[in-house]
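Enquirer: Shown below is the structure under consideration.
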Amino acid sequence: MNMDLKRAFLFPGQGAQVIGMGKDIYEKYPEAKKIYDKSEQISKMPVKKLCFEGPEEELNKTQNTQIAMFTTSLAILEVLKSKGINADIAVGLSLGEYTALVYAGILSFEDGIKLVKKRGYYMGNLIPDEKYSMAAIIGLESSKIEEVCRAISTKENFVVPANYNYQEQTVISGNELAVEQTMEKLKDLGAKKVIKLKTNGPFHTTKLLNAREAYKQELENINFNMNTNIKVIKNIDGTFYNSQDDIKEILANHIISPVRFDKTIKTMQEEGINEFVEIGPGRTLTGFIKKENSEANLVNIKDVDSLEEYIMKKG
């Protein structure tokens with residue numbers, strides 16, 4: 001690796017999925033094919049069909065999305081690794097953190113598949129039966145958003161910040177009525193944009209306490225290897241994992257805690273990262289980084305064309 005180059009691999013989470021993702025890479029690269037085949041074998045789920053054919057309604061179910069996204073990013077990653085392309089730092093958004101942990105060798109591929117399958121299932125099914133929604137708030141500082149959420153939340157009405165994406169964008173999550181009231185209030189307070197999202201679960205909030213408890217039991221059976229040279233940034237606080245961390249506790253709490261991608265971006269800047277490579281569908285994470293640093297060197301790898309263009313440049 002060029003001594004002056006400091007690269008980070010970024011792995012997207014739920015919401016970036018798209019039908020057809022990974023299909024051309026699966027067909028062209030034996031390394032990628034192996035990952036998809038192995039993922040199906042371990043998860044006993046139709047991962048290839050979900051990724052390559054959908055239908056959308058099935059792919060968008062949390063218990064399917066998570067394993068589909070995880071497998072697709074790992075398949076692309078496997079091709080990059082076979083070409084000798086690696087990173088100093090690995091980062092994921094929510095579910096994407098599992099891809100980062102597998103890349104760093106902290107979590108084995110097999111255990112990663114098992115965990116992501118269970119995590120997706122619990123997050124999709126162990127939630128109180130209500131109508132939930134999420135909304136992105138752009139152009140308003142997070143402290144104001146927190147204040148409004150606190151003011152609107154009551155016993156029946158529930159709304160909290162769930163994702164701090166970058167300085168100017170925070171995602172709120174809660175039951176539909178509370179989210180809509182908060183959106184209106186934040187518009188009045190001068191938010192530049194307020195966008196209702198497609199995701200409908202109360203992710204990264206205390207509504208998922210039951211999912212957290214069930215998932216914690218799954219984590220008990222897993223061995224994590226903290227002896228790694230690749231640094232992984234934690235979603236919950238934007239700091240690096242270290243050998244003193246209780247990783248099982250962190251990953252369980254991850255389900256009910258807000259995602260701090262804003263702090264993650266800061267940590268990468270402090271580390272002097274100068275190439276950001278997003279691996280998987282969409283441009284979500286490089287998009288967040290671009291908002292903080294318009295000069296950043298950003299790469300998106302989602303299909304054979306973008307993969308080969310990048311490999312050629314690095315060759």
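Scheme for the structure tokens: letters A, B, ... for chains in order shown; per-chain residue numbers from 1; ligand numbers from 1 in order shown.
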Segment 43-188 of chain A: which residues are helix (DSSP H, G or I) by DSSP, as a VMD selection string?

Expert: chain A and resid 43 47 to 52 56 to 59 62 to 82 96 to 103 109 to 125 142 to 152 176 to 188

Enquirer: Could you write out that same residue set with C-alpha atoms as a compact mmCIF listing (two decimals), in the first residue's frame?

Expert:
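Everything below was put into part_5.txt:
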```txt
# COMPACT_ATOMS: atom_id res chain seq x y z
CA SER A 43 -28.21 -19.40 6.85
CA VAL A 47 -29.91 -15.29 -0.24
CA LYS A 48 -29.14 -15.28 -4.00
CA LYS A 49 -32.79 -15.15 -5.00
CA LEU A 50 -33.43 -12.30 -2.54
CA CYS A 51 -30.46 -10.27 -3.82
CA PHE A 52 -30.72 -11.01 -7.54
CA GLU A 56 -38.81 -6.00 -3.38
CA GLU A 57 -41.37 -6.75 -0.70
CA GLU A 58 -39.37 -9.82 0.40
CA LEU A 59 -35.95 -8.16 0.11
CA THR A 62 -35.67 -6.71 7.92
CA GLN A 63 -34.90 -10.40 8.46
CA ASN A 64 -34.04 -10.73 4.74
CA THR A 65 -32.42 -7.35 4.11
CA GLN A 66 -29.75 -7.78 6.74
CA ILE A 67 -28.40 -11.11 5.49
CA ALA A 68 -28.66 -9.96 1.84
CA MET A 69 -26.69 -6.74 2.42
CA PHE A 70 -24.12 -8.47 4.61
CA THR A 71 -23.47 -11.17 1.99
CA THR A 72 -23.27 -8.71 -0.92
CA SER A 73 -20.69 -6.47 0.76
CA LEU A 74 -18.61 -9.47 1.82
CA ALA A 75 -18.68 -10.92 -1.71
CA ILE A 76 -17.30 -7.68 -3.20
CA LEU A 77 -14.78 -7.46 -0.36
CA GLU A 78 -13.53 -10.97 -1.12
CA VAL A 79 -12.67 -9.94 -4.69
CA LEU A 80 -10.78 -6.84 -3.45
CA LYS A 81 -8.84 -8.95 -0.94
CA SER A 82 -7.90 -11.43 -3.70
CA GLY A 96 -22.61 -2.76 8.17
CA GLU A 97 -20.59 -2.90 11.39
CA TYR A 98 -20.84 -6.72 11.21
CA THR A 99 -19.20 -6.69 7.78
CA ALA A 100 -16.44 -4.51 9.25
CA LEU A 101 -15.95 -6.94 12.16
CA VAL A 102 -15.67 -9.90 9.76
CA TYR A 103 -13.20 -7.99 7.59
CA PHE A 109 -17.68 -15.34 8.52
CA GLU A 110 -19.74 -18.31 9.78
CA ASP A 111 -20.57 -16.66 13.10
CA GLY A 112 -21.30 -13.40 11.28
CA ILE A 113 -23.93 -15.15 9.12
CA LYS A 114 -25.53 -16.76 12.18
CA LEU A 115 -25.63 -13.48 14.11
CA VAL A 116 -26.92 -11.35 11.24
CA LYS A 117 -29.70 -13.87 10.56
CA LYS A 118 -30.82 -13.77 14.21
CA ARG A 119 -30.37 -10.00 14.50
CA GLY A 120 -32.50 -9.39 11.41
CA TYR A 121 -35.18 -11.74 12.68
CA TYR A 122 -35.39 -10.21 16.18
CA MET A 123 -35.28 -6.61 14.90
CA GLY A 124 -38.04 -7.40 12.42
CA ASN A 125 -40.28 -9.36 14.76
CA SER A 142 -28.93 17.75 16.67
CA SER A 143 -29.33 19.45 20.09
CA LYS A 144 -32.46 21.25 18.80
CA ILE A 145 -33.83 17.98 17.41
CA GLU A 146 -33.21 16.22 20.74
CA GLU A 147 -35.05 19.03 22.53
CA VAL A 148 -38.13 18.79 20.29
CA CYS A 149 -38.19 14.98 20.58
CA ARG A 150 -38.15 15.29 24.38
CA ALA A 151 -40.96 17.86 24.32
CA ILE A 152 -43.21 15.77 22.05
CA GLU A 176 -46.03 7.50 13.33
CA LEU A 177 -48.02 10.25 15.01
CA ALA A 178 -45.09 11.47 17.13
CA VAL A 179 -42.73 11.42 14.15
CA GLU A 180 -45.18 13.47 12.08
CA GLN A 181 -45.68 16.03 14.85
CA THR A 182 -41.90 16.31 15.28
CA MET A 183 -41.40 16.76 11.53
CA GLU A 184 -43.88 19.68 11.51
CA LYS A 185 -42.27 21.31 14.54
CA LEU A 186 -38.77 20.99 13.09
CA LYS A 187 -39.92 22.51 9.80
CA ASP A 188 -41.20 25.50 11.78
```

Enquirer: Counting only C-alpha atoms, what are the residues of segment 13-115 of chain A within 7 Å of segment 218-234 of chain A, and for each of them which pair of atoms is the nearest and at what distance in Å, to one decimal? Sort the table by chain and rising number, as a Markdown table.

Expert:
```
| residue | atom | partner | partner_atom | distance |
| --- | --- | --- | --- | --- |
| A:Asp88 | CA | A:Ile230 | CA | 5.6 |
| A:Ile89 | CA | A:Lys231 | CA | 4.8 |
| A:Ala90 | CA | A:Val232 | CA | 4.9 |
| A:Val91 | CA | A:Ile233 | CA | 5.6 |
| A:Ala100 | CA | A:Val232 | CA | 6.6 |
| A:Leu101 | CA | A:Val232 | CA | 6.9 |
| A:Ala104 | CA | A:Ile230 | CA | 5.3 |
| A:Gly105 | CA | A:Thr228 | CA | 6.6 |
| A:Ile106 | CA | A:Asn225 | CA | 4.5 |
| A:Leu107 | CA | A:Phe224 | CA | 5.4 |
| A:Asp111 | CA | A:Ile222 | CA | 6.8 |
```

Enquirer: Write a file of the selected residues as an mmCIF file, in the first residue's frame, keeping N, CA and C atoms.

Expert:
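For reference, part_35.cif as written:
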```cif
data_model
loop_
_atom_site.group_PDB
_atom_site.id
_atom_site.type_symbol
_atom_site.label_atom_id
_atom_site.label_comp_id
_atom_site.auth_asym_id
_atom_site.auth_seq_id
_atom_site.Cartn_x
_atom_site.Cartn_y
_atom_site.Cartn_z
ATOM 1 N N ASP A 88 -6.913 0.230 6.255
ATOM 2 C CA ASP A 88 -6.393 0.427 7.613
ATOM 3 C C ASP A 88 -7.526 0.421 8.630
ATOM 4 N N ILE A 89 -8.679 0.918 8.162
ATOM 5 C CA ILE A 89 -9.822 1.096 9.060
ATOM 6 C C ILE A 89 -11.069 0.539 8.382
ATOM 7 N N ALA A 90 -11.943 -0.085 9.166
ATOM 8 C CA ALA A 90 -13.220 -0.582 8.636
ATOM 9 C C ALA A 90 -14.358 0.017 9.459
ATOM 10 N N VAL A 91 -15.411 0.406 8.743
ATOM 11 C CA VAL A 91 -16.541 1.104 9.359
ATOM 12 C C VAL A 91 -17.828 0.600 8.724
ATOM 13 N N ALA A 100 -17.730 -5.058 8.820
ATOM 14 C CA ALA A 100 -16.438 -4.506 9.254
ATOM 15 C C ALA A 100 -15.755 -5.449 10.243
ATOM 16 N N LEU A 101 -16.516 -6.030 11.158
ATOM 17 C CA LEU A 101 -15.947 -6.945 12.164
ATOM 18 C C LEU A 101 -15.432 -8.232 11.513
ATOM 19 N N ALA A 104 -12.162 -7.404 9.713
ATOM 20 C CA ALA A 104 -11.040 -7.245 10.654
ATOM 21 C C ALA A 104 -10.631 -8.563 11.300
ATOM 22 N N GLY A 105 -11.433 -9.618 11.093
ATOM 23 C CA GLY A 105 -11.107 -10.906 11.706
ATOM 24 C C GLY A 105 -11.560 -11.010 13.156
ATOM 25 N N ILE A 106 -12.310 -10.019 13.630
ATOM 26 C CA ILE A 106 -12.822 -10.056 15.005
ATOM 27 C C ILE A 106 -13.947 -11.089 15.112
ATOM 28 N N LEU A 107 -14.680 -11.213 14.006
ATOM 29 C CA LEU A 107 -15.810 -12.140 13.941
ATOM 30 C C LEU A 107 -15.605 -13.054 12.737
ATOM 31 N N ASP A 111 -19.861 -17.248 11.955
ATOM 32 C CA ASP A 111 -20.574 -16.660 13.102
ATOM 33 C C ASP A 111 -21.288 -15.375 12.691
#
```

Enquirer: Using only C-alpha atoms, which of the listed residues (A:Ile137, A:Ala191, A:Leu126, A:Ile172) sits closest to Tyr215 of chain A?

Expert: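 Smallest separation from Tyr215 of chain A among the options: A:Leu126.
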
Enquirer: Identify, on the basis of only C-alpha atoms, every residue whose closest approach to segment 300-307 of chain A does not exceed 10 Å; exclude the query and any residue fewer than 3 positions from it along the same chain; express the result as a ChimeraX atom specification.

Expert: /A:10,20-29,72-73,76-77,79-80,276-286,310-312

Enquirer: Skipping near chain neighbours, those fewer than 6 positions away, what residues fall within 7 Å of Met134 of chain A using only C-alpha atoms, listed as a VMD selection string?

Expert: chain A and resid 171 to 174 179 196 to 197 199 to 200

Enquirer: Could you please determine the separation between atom CA of Met268 of chain A and atom CA of Lys291 of chain A in Å, to one decimal place?

Expert: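 Between these atoms lies a distance of 14.3 Å.
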
Enquirer: Measuring between only C-alpha atoms, which one of A:Lys34, A:Asp245, A:Asn210, A:Asn165 shows the shortest distance to Ile289 of chain A?

Expert: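 The closest residue to Ile289 of chain A is A:Asn165.
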